[in-house]
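See below for the structure under consideration.
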There are 2 protein chains.
Amino acid sequence: MSEINYPAGTKPKAVLPRKTATKKKRTLKIAAGNRGMDFEAELNDTNAYYKEKGLAVFNKRPTPINIVKVDYTRGAKITEAYFETQSTTDYNGVYKGYYIDFEAKSIHGKTSFPLSNIPKQQIEHLKAVLAQGGIGFFLIDIVPLEKVYILPASYIIDFYEKRERASIPLTEFPLHGKEVPQKYRPRYDFLPLIDELFLK
Amino acid sequence: MSEINYPAGTKPKAVLPRKTATKKKRTLKIAAGNRGMDFEAELNDTNAYYKEKGLAVFNKRPTPINIVKVDYTRGAKITEAYFETQSTTDYNGVYKGYYIDFEAKSIHGKTSFPLSNIPKQQIEHLKAVLAQGGIGFFLIDIVPLEKVYILPASYIIDFYEKRERASIPLTEFPLHGKEVPQKYRPRYDFLPLIDELFLK
């Protein structure tokens with residue numbers, strides 16, 4: 001395919017259906033770090049699809065960086081900077097006029113979701129968002145089961161604050177949330193589930 | 001004041017009313033770069049106030065950075081990174097359940113607002129936000145006049161797309177937007193103007 005100079009936007013997708021390609025990746029038991037990035041990349045594609053089709057506008061918040069030194073001799077090259085703790089969630093945007101806020105997590109166990117995955121600031125941020133009438137949720141990728149769930153932030157916050165357990169049993173997921181359909185495009189079609197969970 | 005060890009959150013504010021201090025800075029004709037940072041710092045304070053009082057949740061989006069090299073020998077130090085073009089506006093959040101999106105600009109002329117201040121991506125982003133029923137606006141600090149205006153994004157987008165002029169005459173500002181009251185705290189009280197301009 002690389003020898004043909006397709007005009008912008010007309011290049012046909014690879015013959016191998018993307019879903020199969022990803023399925024192969026999953027059974028190869030890729031490294032924890034990679035899986036998280038993989039999920040993030042696919043979520044970004046899903047959001048790009050929603051934006052393209054005029055369905056919703058969701059953006060990933062850039063990682064906050066504390067910039068200490070910049071070298072301006074040839075353009076602008078940052079030569080010293082440090083990661084800052086994020087005080088919010090990773091994604092937010094607008095859907096049908098509603099403020100939507102969500103966090104994506106990948107887990108590798110098959111039985112429970114450890115609450116240690118969620119920094120306190122994210123809980124505080126989501127509480128403040130819900131208090132203002134915003135819609136908040138988590139998209140949780142259970143890697144070994146190849147399933148993604150959408151769970152309302154209210155449920156997670158409640159579990160977190162009760163502190164009765166250090167993790168949420170995965171058996172609770174279908175009871176309090178919904179499984180996200182996986183498609184060719186969009187990869188994780190969570191948008192209609194926002195209507196089901198919050199707008200009905 | 002520095003000799004007293006105040007418990008967290010109890011340190012009284014400086015005796016000099018902040019408004020006067022800022023007024024002095026303004027008449028000193030500080031560098032363009034600094035003034036923009038000053039406005040941003042004060043907006044961040046205003047947003048912190050709104051969050052603190054449970055009135056709204058607005059956050060500044062971190063500058064997107066493309067990280068190339070990280071040195072992990074002592075913690076994590078980013079040693080090579082580059083600034084990326086921002087594809088969205090600087091601020092967004094939730095107020096009374098509505099999605100709020102805004103951009104802050106500082107200008108130094110007294111007669112007009114050059115449209116070159118606004119990258120195309122910001123216009124596209126705001127159009128997409130408005131199409132989804134979100135609320136969008138600009139907060140424009142006219143430095144020499146010591147006034148800040150809130151202007152609906154729809155007005156700015158319309159002006160931008162008509163391309164009849166390269167800049168918006170400042171005389172249009174009070175006709176299409178509102179002047180933001182300046183106080184001790186919050187510094188720029190734009191929140192009630194959101195109700196006036198968009199929710200009535």
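Here's how to read the names in the structure tokens: chain A, B, ... by the order shown, residue numbers from 1 in each chain, ligand numbers from 1 in the order shown.
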
Give me the least-squares superposed chain A (reference chain B; all C-alpha atoms paired in order) as a PDB file with C-alpha atoms, in the first residue's frame.
ATOM      1  CA  MET A   1       4.526  38.000  58.593  1.00  0.00           C
ATOM      2  CA  SER A   2       7.073  35.336  57.739  1.00  0.00           C
ATOM      3  CA  GLU A   3       8.163  34.764  61.360  1.00  0.00           C
ATOM      4  CA  ILE A   4       4.746  33.513  62.464  1.00  0.00           C
ATOM      5  CA  ASN A   5       3.989  29.859  61.812  1.00  0.00           C
ATOM      6  CA  TYR A   6       0.334  30.066  60.788  1.00  0.00           C
ATOM      7  CA  PRO A   7      -1.596  26.781  60.649  1.00  0.00           C
ATOM      8  CA  ALA A   8      -2.545  25.844  57.103  1.00  0.00           C
ATOM      9  CA  GLY A   9      -5.194  28.078  55.625  1.00  0.00           C
ATOM     10  CA  THR A  10      -5.238  30.673  58.414  1.00  0.00           C
ATOM     11  CA  LYS A  11      -2.538  33.053  57.260  1.00  0.00           C
ATOM     12  CA  PRO A  12      -4.180  36.475  56.812  1.00  0.00           C
ATOM     13  CA  LYS A  13      -3.855  38.132  53.426  1.00  0.00           C
ATOM     14  CA  ALA A  14      -1.312  40.944  52.988  1.00  0.00           C
ATOM     15  CA  VAL A  15      -2.454  44.276  54.412  1.00  0.00           C
ATOM     16  CA  LEU A  16      -2.157  46.012  51.025  1.00  0.00           C
ATOM     17  CA  PRO A  17      -5.439  45.286  49.197  1.00  0.00           C
ATOM     18  CA  ARG A  18      -4.586  43.128  46.220  1.00  0.00           C
ATOM     19  CA  LYS A  19      -6.534  45.330  43.831  1.00  0.00           C
ATOM     20  CA  THR A  20      -4.301  48.331  44.537  1.00  0.00           C
ATOM     21  CA  ALA A  21      -1.187  46.204  44.192  1.00  0.00           C
ATOM     22  CA  THR A  22      -2.300  45.016  40.793  1.00  0.00           C
ATOM     23  CA  LYS A  23      -3.316  48.512  39.738  1.00  0.00           C
ATOM     24  CA  LYS A  24       0.218  49.679  40.454  1.00  0.00           C
ATOM     25  CA  LYS A  25       1.598  46.862  38.340  1.00  0.00           C
ATOM     26  CA  ARG A  26      -0.642  47.836  35.453  1.00  0.00           C
ATOM     27  CA  THR A  27       0.456  51.486  35.373  1.00  0.00           C
ATOM     28  CA  LEU A  28       4.090  50.340  35.311  1.00  0.00           C
ATOM     29  CA  LYS A  29       3.458  49.119  31.741  1.00  0.00           C
ATOM     30  CA  ILE A  30       4.874  45.663  32.319  1.00  0.00           C
ATOM     31  CA  ALA A  31       6.151  43.606  29.390  1.00  0.00           C
ATOM     32  CA  ALA A  32       3.585  42.015  27.085  1.00  0.00           C
ATOM     33  CA  GLY A  33       4.686  38.527  28.069  1.00  0.00           C
ATOM     34  CA  ASN A  34       4.335  39.242  31.765  1.00  0.00           C
ATOM     35  CA  ARG A  35       0.909  40.782  31.405  1.00  0.00           C
ATOM     36  CA  GLY A  36      -0.432  37.672  29.720  1.00  0.00           C
ATOM     37  CA  MET A  37       0.986  35.531  32.543  1.00  0.00           C
ATOM     38  CA  ASP A  38      -0.402  37.949  35.121  1.00  0.00           C
ATOM     39  CA  PHE A  39      -3.903  37.667  33.642  1.00  0.00           C
ATOM     40  CA  GLU A  40      -3.595  33.903  33.513  1.00  0.00           C
ATOM     41  CA  ALA A  41      -2.436  33.734  37.134  1.00  0.00           C
ATOM     42  CA  GLU A  42      -5.378  35.862  38.238  1.00  0.00           C
ATOM     43  CA  LEU A  43      -7.817  33.783  36.225  1.00  0.00           C
ATOM     44  CA  ASN A  44      -6.410  30.669  37.877  1.00  0.00           C
ATOM     45  CA  ASP A  45      -7.031  32.305  41.278  1.00  0.00           C
ATOM     46  CA  THR A  46     -10.564  33.176  40.245  1.00  0.00           C
ATOM     47  CA  ASN A  47     -11.178  29.569  39.188  1.00  0.00           C
ATOM     48  CA  ALA A  48      -9.682  28.329  42.459  1.00  0.00           C
ATOM     49  CA  TYR A  49     -12.139  30.587  44.305  1.00  0.00           C
ATOM     50  CA  TYR A  50     -15.099  29.221  42.355  1.00  0.00           C
ATOM     51  CA  LYS A  51     -13.968  25.664  43.076  1.00  0.00           C
ATOM     52  CA  GLU A  52     -13.397  26.405  46.758  1.00  0.00           C
ATOM     53  CA  LYS A  53     -16.883  27.876  47.136  1.00  0.00           C
ATOM     54  CA  GLY A  54     -18.514  25.028  45.195  1.00  0.00           C
ATOM     55  CA  LEU A  55     -19.736  27.449  42.519  1.00  0.00           C
ATOM     56  CA  ALA A  56     -18.148  25.920  39.418  1.00  0.00           C
ATOM     57  CA  VAL A  57     -15.334  23.583  38.398  1.00  0.00           C
ATOM     58  CA  PHE A  58     -13.055  25.190  35.801  1.00  0.00           C
ATOM     59  CA  ASN A  59      -9.585  23.897  35.008  1.00  0.00           C
ATOM     60  CA  LYS A  60      -6.810  25.153  32.806  1.00  0.00           C
ATOM     61  CA  ARG A  61      -5.695  22.596  30.280  1.00  0.00           C
ATOM     62  CA  PRO A  62      -1.949  21.832  30.584  1.00  0.00           C
ATOM     63  CA  THR A  63       0.209  22.866  27.598  1.00  0.00           C
ATOM     64  CA  PRO A  64       0.573  19.814  25.384  1.00  0.00           C
ATOM     65  CA  ILE A  65       4.154  18.602  25.293  1.00  0.00           C
ATOM     66  CA  ASN A  66       5.723  15.948  23.080  1.00  0.00           C
ATOM     67  CA  ILE A  67       8.140  14.039  25.325  1.00  0.00           C
ATOM     68  CA  VAL A  68      11.151  12.565  23.544  1.00  0.00           C
ATOM     69  CA  LYS A  69      13.669  11.683  26.291  1.00  0.00           C
ATOM     70  CA  VAL A  70      13.333  10.984  30.002  1.00  0.00           C
ATOM     71  CA  ASP A  71      16.247  10.449  32.393  1.00  0.00           C
ATOM     72  CA  TYR A  72      15.259   7.970  35.100  1.00  0.00           C
ATOM     73  CA  THR A  73      18.566   7.892  37.025  1.00  0.00           C
ATOM     74  CA  ARG A  74      17.193  10.083  39.821  1.00  0.00           C
ATOM     75  CA  GLY A  75      13.422  10.140  39.721  1.00  0.00           C
ATOM     76  CA  ALA A  76      12.098  11.125  36.303  1.00  0.00           C
ATOM     77  CA  LYS A  77      13.627  14.128  34.583  1.00  0.00           C
ATOM     78  CA  ILE A  78      12.446  15.046  31.094  1.00  0.00           C
ATOM     79  CA  THR A  79      15.535  16.029  29.120  1.00  0.00           C
ATOM     80  CA  GLU A  80      14.089  16.503  25.671  1.00  0.00           C
ATOM     81  CA  ALA A  81      10.590  17.606  24.797  1.00  0.00           C
ATOM     82  CA  TYR A  82       8.862  19.974  22.416  1.00  0.00           C
ATOM     83  CA  PHE A  83       5.805  22.165  22.616  1.00  0.00           C
ATOM     84  CA  GLU A  84       2.847  20.895  20.617  1.00  0.00           C
ATOM     85  CA  THR A  85       0.184  23.013  19.005  1.00  0.00           C
ATOM     86  CA  GLN A  86      -2.835  23.146  21.211  1.00  0.00           C
ATOM     87  CA  SER A  87      -5.932  21.953  19.401  1.00  0.00           C
ATOM     88  CA  THR A  88      -8.403  23.191  22.001  1.00  0.00           C
ATOM     89  CA  THR A  89      -8.949  26.216  24.218  1.00  0.00           C
ATOM     90  CA  ASP A  90      -7.194  26.798  27.532  1.00  0.00           C
ATOM     91  CA  TYR A  91     -10.045  26.386  29.987  1.00  0.00           C
ATOM     92  CA  ASN A  92     -13.090  24.214  30.398  1.00  0.00           C
ATOM     93  CA  GLY A  93     -15.317  22.771  33.061  1.00  0.00           C
ATOM     94  CA  VAL A  94     -18.825  22.518  34.435  1.00  0.00           C
ATOM     95  CA  TYR A  95     -21.287  25.061  35.835  1.00  0.00           C
ATOM     96  CA  LYS A  96     -24.852  24.113  36.801  1.00  0.00           C
ATOM     97  CA  GLY A  97     -24.516  20.982  34.678  1.00  0.00           C
ATOM     98  CA  TYR A  98     -23.508  22.946  31.560  1.00  0.00           C
ATOM     99  CA  TYR A  99     -20.293  22.328  29.669  1.00  0.00           C
ATOM    100  CA  ILE A 100     -18.291  25.579  29.759  1.00  0.00           C
ATOM    101  CA  ASP A 101     -15.335  26.235  27.460  1.00  0.00           C
ATOM    102  CA  PHE A 102     -13.318  29.438  27.275  1.00  0.00           C
ATOM    103  CA  GLU A 103     -10.126  31.025  26.111  1.00  0.00           C
ATOM    104  CA  ALA A 104      -8.276  33.923  27.748  1.00  0.00           C
ATOM    105  CA  LYS A 105      -6.488  36.561  25.681  1.00  0.00           C
ATOM    106  CA  SER A 106      -4.569  39.707  26.616  1.00  0.00           C
ATOM    107  CA  ILE A 107      -4.226  42.563  24.151  1.00  0.00           C
ATOM    108  CA  HIS A 108      -2.188  45.762  24.271  1.00  0.00           C
ATOM    109  CA  GLY A 109      -3.903  47.952  21.729  1.00  0.00           C
ATOM    110  CA  LYS A 110      -6.696  50.332  22.653  1.00  0.00           C
ATOM    111  CA  THR A 111      -8.758  50.215  19.511  1.00  0.00           C
ATOM    112  CA  SER A 112      -9.176  46.690  18.224  1.00  0.00           C
ATOM    113  CA  PHE A 113      -8.766  42.958  18.859  1.00  0.00           C
ATOM    114  CA  PRO A 114      -6.701  41.314  16.087  1.00  0.00           C
ATOM    115  CA  LEU A 115      -8.237  38.026  14.952  1.00  0.00           C
ATOM    116  CA  SER A 116      -4.714  36.695  14.369  1.00  0.00           C
ATOM    117  CA  ASN A 117      -4.704  36.145  18.144  1.00  0.00           C
ATOM    118  CA  ILE A 118      -6.917  33.123  17.590  1.00  0.00           C
ATOM    119  CA  PRO A 119      -5.471  29.986  15.936  1.00  0.00           C
ATOM    120  CA  LYS A 120      -7.830  28.249  13.516  1.00  0.00           C
ATOM    121  CA  GLN A 121      -7.913  25.116  15.715  1.00  0.00           C
ATOM    122  CA  GLN A 122      -9.456  27.106  18.546  1.00  0.00           C
ATOM    123  CA  ILE A 123     -12.208  28.366  16.258  1.00  0.00           C
ATOM    124  CA  GLU A 124     -12.858  24.802  15.035  1.00  0.00           C
ATOM    125  CA  HIS A 125     -12.870  23.487  18.591  1.00  0.00           C
ATOM    126  CA  LEU A 126     -15.343  26.136  19.756  1.00  0.00           C
ATOM    127  CA  LYS A 127     -17.617  25.509  16.773  1.00  0.00           C
ATOM    128  CA  ALA A 128     -17.711  21.809  17.618  1.00  0.00           C
ATOM    129  CA  VAL A 129     -18.436  22.623  21.267  1.00  0.00           C
ATOM    130  CA  LEU A 130     -21.289  24.974  20.384  1.00  0.00           C
ATOM    131  CA  ALA A 131     -22.708  22.395  17.959  1.00  0.00           C
ATOM    132  CA  GLN A 132     -22.968  19.991  20.911  1.00  0.00           C
ATOM    133  CA  GLY A 133     -24.840  22.543  23.020  1.00  0.00           C
ATOM    134  CA  GLY A 134     -21.825  23.621  25.062  1.00  0.00           C
ATOM    135  CA  ILE A 135     -21.275  27.203  26.216  1.00  0.00           C
ATOM    136  CA  GLY A 136     -18.195  28.969  24.823  1.00  0.00           C
ATOM    137  CA  PHE A 137     -16.695  32.419  25.284  1.00  0.00           C
ATOM    138  CA  PHE A 138     -13.542  34.507  25.343  1.00  0.00           C
ATOM    139  CA  LEU A 139     -12.241  36.499  28.295  1.00  0.00           C
ATOM    140  CA  ILE A 140     -10.332  39.396  26.797  1.00  0.00           C
ATOM    141  CA  ASP A 141      -8.041  41.564  28.895  1.00  0.00           C
ATOM    142  CA  ILE A 142      -7.552  45.006  27.323  1.00  0.00           C
ATOM    143  CA  VAL A 143      -4.371  45.902  29.166  1.00  0.00           C
ATOM    144  CA  PRO A 144      -4.101  49.665  28.507  1.00  0.00           C
ATOM    145  CA  LEU A 145      -7.767  50.189  29.446  1.00  0.00           C
ATOM    146  CA  GLU A 146      -7.563  47.920  32.509  1.00  0.00           C
ATOM    147  CA  LYS A 147     -10.807  46.279  31.452  1.00  0.00           C
ATOM    148  CA  VAL A 148     -11.737  42.664  30.887  1.00  0.00           C
ATOM    149  CA  TYR A 149     -14.624  41.629  28.662  1.00  0.00           C
ATOM    150  CA  ILE A 150     -16.502  38.374  28.260  1.00  0.00           C
ATOM    151  CA  LEU A 151     -17.548  37.794  24.647  1.00  0.00           C
ATOM    152  CA  PRO A 152     -19.627  34.874  23.373  1.00  0.00           C
ATOM    153  CA  ALA A 153     -17.666  32.502  21.120  1.00  0.00           C
ATOM    154  CA  SER A 154     -20.537  32.640  18.608  1.00  0.00           C
ATOM    155  CA  TYR A 155     -19.883  36.327  18.055  1.00  0.00           C
ATOM    156  CA  ILE A 156     -16.130  35.855  17.617  1.00  0.00           C
ATOM    157  CA  ILE A 157     -16.567  32.847  15.321  1.00  0.00           C
ATOM    158  CA  ASP A 158     -19.046  34.751  13.192  1.00  0.00           C
ATOM    159  CA  PHE A 159     -16.666  37.703  12.842  1.00  0.00           C
ATOM    160  CA  TYR A 160     -13.785  35.326  12.057  1.00  0.00           C
ATOM    161  CA  GLU A 161     -15.686  33.463   9.371  1.00  0.00           C
ATOM    162  CA  LYS A 162     -17.100  36.521   7.650  1.00  0.00           C
ATOM    163  CA  ARG A 163     -13.504  37.719   7.174  1.00  0.00           C
ATOM    164  CA  GLU A 164     -14.674  41.250   6.505  1.00  0.00           C
ATOM    165  CA  ARG A 165     -12.075  42.713   8.852  1.00  0.00           C
ATOM    166  CA  ALA A 166      -8.792  41.518  10.319  1.00  0.00           C
ATOM    167  CA  SER A 167      -9.756  42.752  13.783  1.00  0.00           C
ATOM    168  CA  ILE A 168     -12.762  43.473  15.966  1.00  0.00           C
ATOM    169  CA  PRO A 169     -13.150  47.150  16.996  1.00  0.00           C
ATOM    170  CA  LEU A 170     -13.202  47.400  20.773  1.00  0.00           C
ATOM    171  CA  THR A 171     -16.277  49.627  20.495  1.00  0.00           C
ATOM    172  CA  GLU A 172     -18.148  46.427  19.598  1.00  0.00           C
ATOM    173  CA  PHE A 173     -17.247  44.746  22.877  1.00  0.00           C
ATOM    174  CA  PRO A 174     -19.869  46.334  25.144  1.00  0.00           C
ATOM    175  CA  LEU A 175     -22.500  45.763  22.461  1.00  0.00           C
ATOM    176  CA  HIS A 176     -21.943  42.027  22.093  1.00  0.00           C
ATOM    177  CA  GLY A 177     -20.386  41.130  25.424  1.00  0.00           C
ATOM    178  CA  LYS A 178     -20.127  42.391  28.976  1.00  0.00           C
ATOM    179  CA  GLU A 179     -17.443  43.976  31.086  1.00  0.00           C
ATOM    180  CA  VAL A 180     -16.226  41.641  33.828  1.00  0.00           C
ATOM    181  CA  PRO A 181     -16.379  43.159  37.341  1.00  0.00           C
ATOM    182  CA  GLN A 182     -12.993  43.299  39.043  1.00  0.00           C
ATOM    183  CA  LYS A 183     -12.978  42.542  42.740  1.00  0.00           C
ATOM    184  CA  TYR A 184     -10.661  41.658  45.574  1.00  0.00           C
ATOM    185  CA  ARG A 185     -11.688  38.046  45.376  1.00  0.00           C
ATOM    186  CA  PRO A 186     -12.566  36.644  42.932  1.00  0.00           C
ATOM    187  CA  ARG A 187     -10.320  38.875  40.878  1.00  0.00           C
ATOM    188  CA  TYR A 188     -12.437  38.673  37.677  1.00  0.00           C
ATOM    189  CA  ASP A 189     -15.967  37.661  38.611  1.00  0.00           C
ATOM    190  CA  PHE A 190     -17.163  36.386  35.226  1.00  0.00           C
ATOM    191  CA  LEU A 191     -19.379  33.577  36.550  1.00  0.00           C
ATOM    192  CA  PRO A 192     -22.623  35.591  37.012  1.00  0.00           C
ATOM    193  CA  LEU A 193     -22.133  36.894  33.465  1.00  0.00           C
ATOM    194  CA  ILE A 194     -22.406  33.326  32.170  1.00  0.00           C
ATOM    195  CA  ASP A 195     -25.945  33.311  33.563  1.00  0.00           C
ATOM    196  CA  GLU A 196     -26.704  36.709  32.006  1.00  0.00           C
ATOM    197  CA  LEU A 197     -25.294  35.921  28.577  1.00  0.00           C
ATOM    198  CA  PHE A 198     -26.262  32.267  28.145  1.00  0.00           C
ATOM    199  CA  LEU A 199     -28.709  31.021  30.747  1.00  0.00           C
ATOM    200  CA  LYS A 200     -31.483  33.566  30.603  1.00  0.00           C
TER     201      LYS A 200
END

>> From a backbone DSSP assignment, name each residue in chain B labelled strand (DSSP E or B), as an MDAnalysis selection string.
In response: chainID B and resid 57:60 65:71 77:83 91:95 98:107 112:114 135:142 147:152 167:169 178:179 182 188

>> With DSSP run on the backbone, what are the alpha helix (DSSP H) residues within chain A? I'd like them as a PyMOL selection string.
In response: chain A and resi 18-27+32-52+120-131+153-162+173-176+191-198

Store the residues picked out above in a file with C-alpha atoms, as a tab-separated table (two decimals), in the first residue's frame.
chain	number	residue	atom	x	y	z
A	18	ARG	CA	-8.59	-4.15	13.09
A	19	LYS	CA	-10.57	-6.14	15.64
A	20	THR	CA	-8.75	-9.37	14.76
A	21	ALA	CA	-5.40	-7.60	14.85
A	22	THR	CA	-6.09	-6.32	18.32
A	23	LYS	CA	-7.41	-9.68	19.47
A	24	LYS	CA	-4.09	-11.23	18.47
A	25	LYS	CA	-2.24	-8.60	20.45
A	26	ARG	CA	-4.33	-9.34	23.52
A	27	THR	CA	-3.65	-13.09	23.52
A	32	ALA	CA	1.18	-4.07	31.49
A	33	GLY	CA	2.59	-0.72	30.41
A	34	ASN	CA	1.86	-1.37	26.76
A	35	ARG	CA	-1.68	-2.52	27.40
A	36	GLY	CA	-2.52	0.71	29.18
A	37	MET	CA	-1.11	2.69	26.24
A	38	ASP	CA	-2.96	0.46	23.80
A	39	PHE	CA	-6.28	1.12	25.55
A	40	GLU	CA	-5.54	4.83	25.65
A	41	ALA	CA	-4.67	4.89	21.94
A	42	GLU	CA	-7.91	3.11	21.09
A	43	LEU	CA	-9.93	5.43	23.29
A	44	ASN	CA	-8.33	8.38	21.52
A	45	ASP	CA	-9.40	6.84	18.18
A	46	THR	CA	-12.91	6.37	19.50
A	47	ASN	CA	-13.03	10.01	20.59
A	48	ALA	CA	-11.68	11.10	17.21
A	49	TYR	CA	-14.51	9.14	15.58
A	50	TYR	CA	-17.13	10.82	17.76
A	51	LYS	CA	-15.68	14.23	16.93
A	52	GLU	CA	-15.49	13.45	13.22
A	120	LYS	CA	-7.48	10.80	45.90
A	121	GLN	CA	-7.39	13.94	43.71
A	122	GLN	CA	-9.37	12.15	41.02
A	123	ILE	CA	-12.05	11.19	43.53
A	124	GLU	CA	-12.20	14.80	44.79
A	125	HIS	CA	-12.35	16.12	41.24
A	126	LEU	CA	-15.19	13.77	40.29
A	127	LYS	CA	-17.13	14.63	43.45
A	128	ALA	CA	-16.88	18.33	42.60
A	129	VAL	CA	-17.99	17.62	39.03
A	130	LEU	CA	-21.00	15.60	40.15
A	131	ALA	CA	-21.92	18.30	42.67
A	153	ALA	CA	-18.31	7.72	39.14
A	154	SER	CA	-20.97	7.88	41.88
A	155	TYR	CA	-20.69	4.14	42.39
A	156	ILE	CA	-16.88	4.19	42.52
A	157	ILE	CA	-16.79	7.22	44.83
A	158	ASP	CA	-19.29	5.59	47.16
A	159	PHE	CA	-17.23	2.39	47.33
A	160	TYR	CA	-14.05	4.42	47.87
A	161	GLU	CA	-15.50	6.47	50.69
A	162	LYS	CA	-17.11	3.58	52.53
A	173	PHE	CA	-19.41	-4.49	37.39
A	174	PRO	CA	-22.37	-5.76	35.35
A	175	LEU	CA	-24.69	-4.91	38.24
A	176	HIS	CA	-23.69	-1.27	38.55
A	191	LEU	CA	-21.39	6.93	23.90
A	192	PRO	CA	-24.86	5.29	23.72
A	193	LEU	CA	-24.23	3.92	27.22
A	194	ILE	CA	-24.00	7.49	28.52
A	195	ASP	CA	-27.62	7.91	27.42
A	196	GLU	CA	-28.62	4.61	29.04
A	197	LEU	CA	-26.86	5.21	32.34
A	198	PHE	CA	-27.37	8.95	32.84
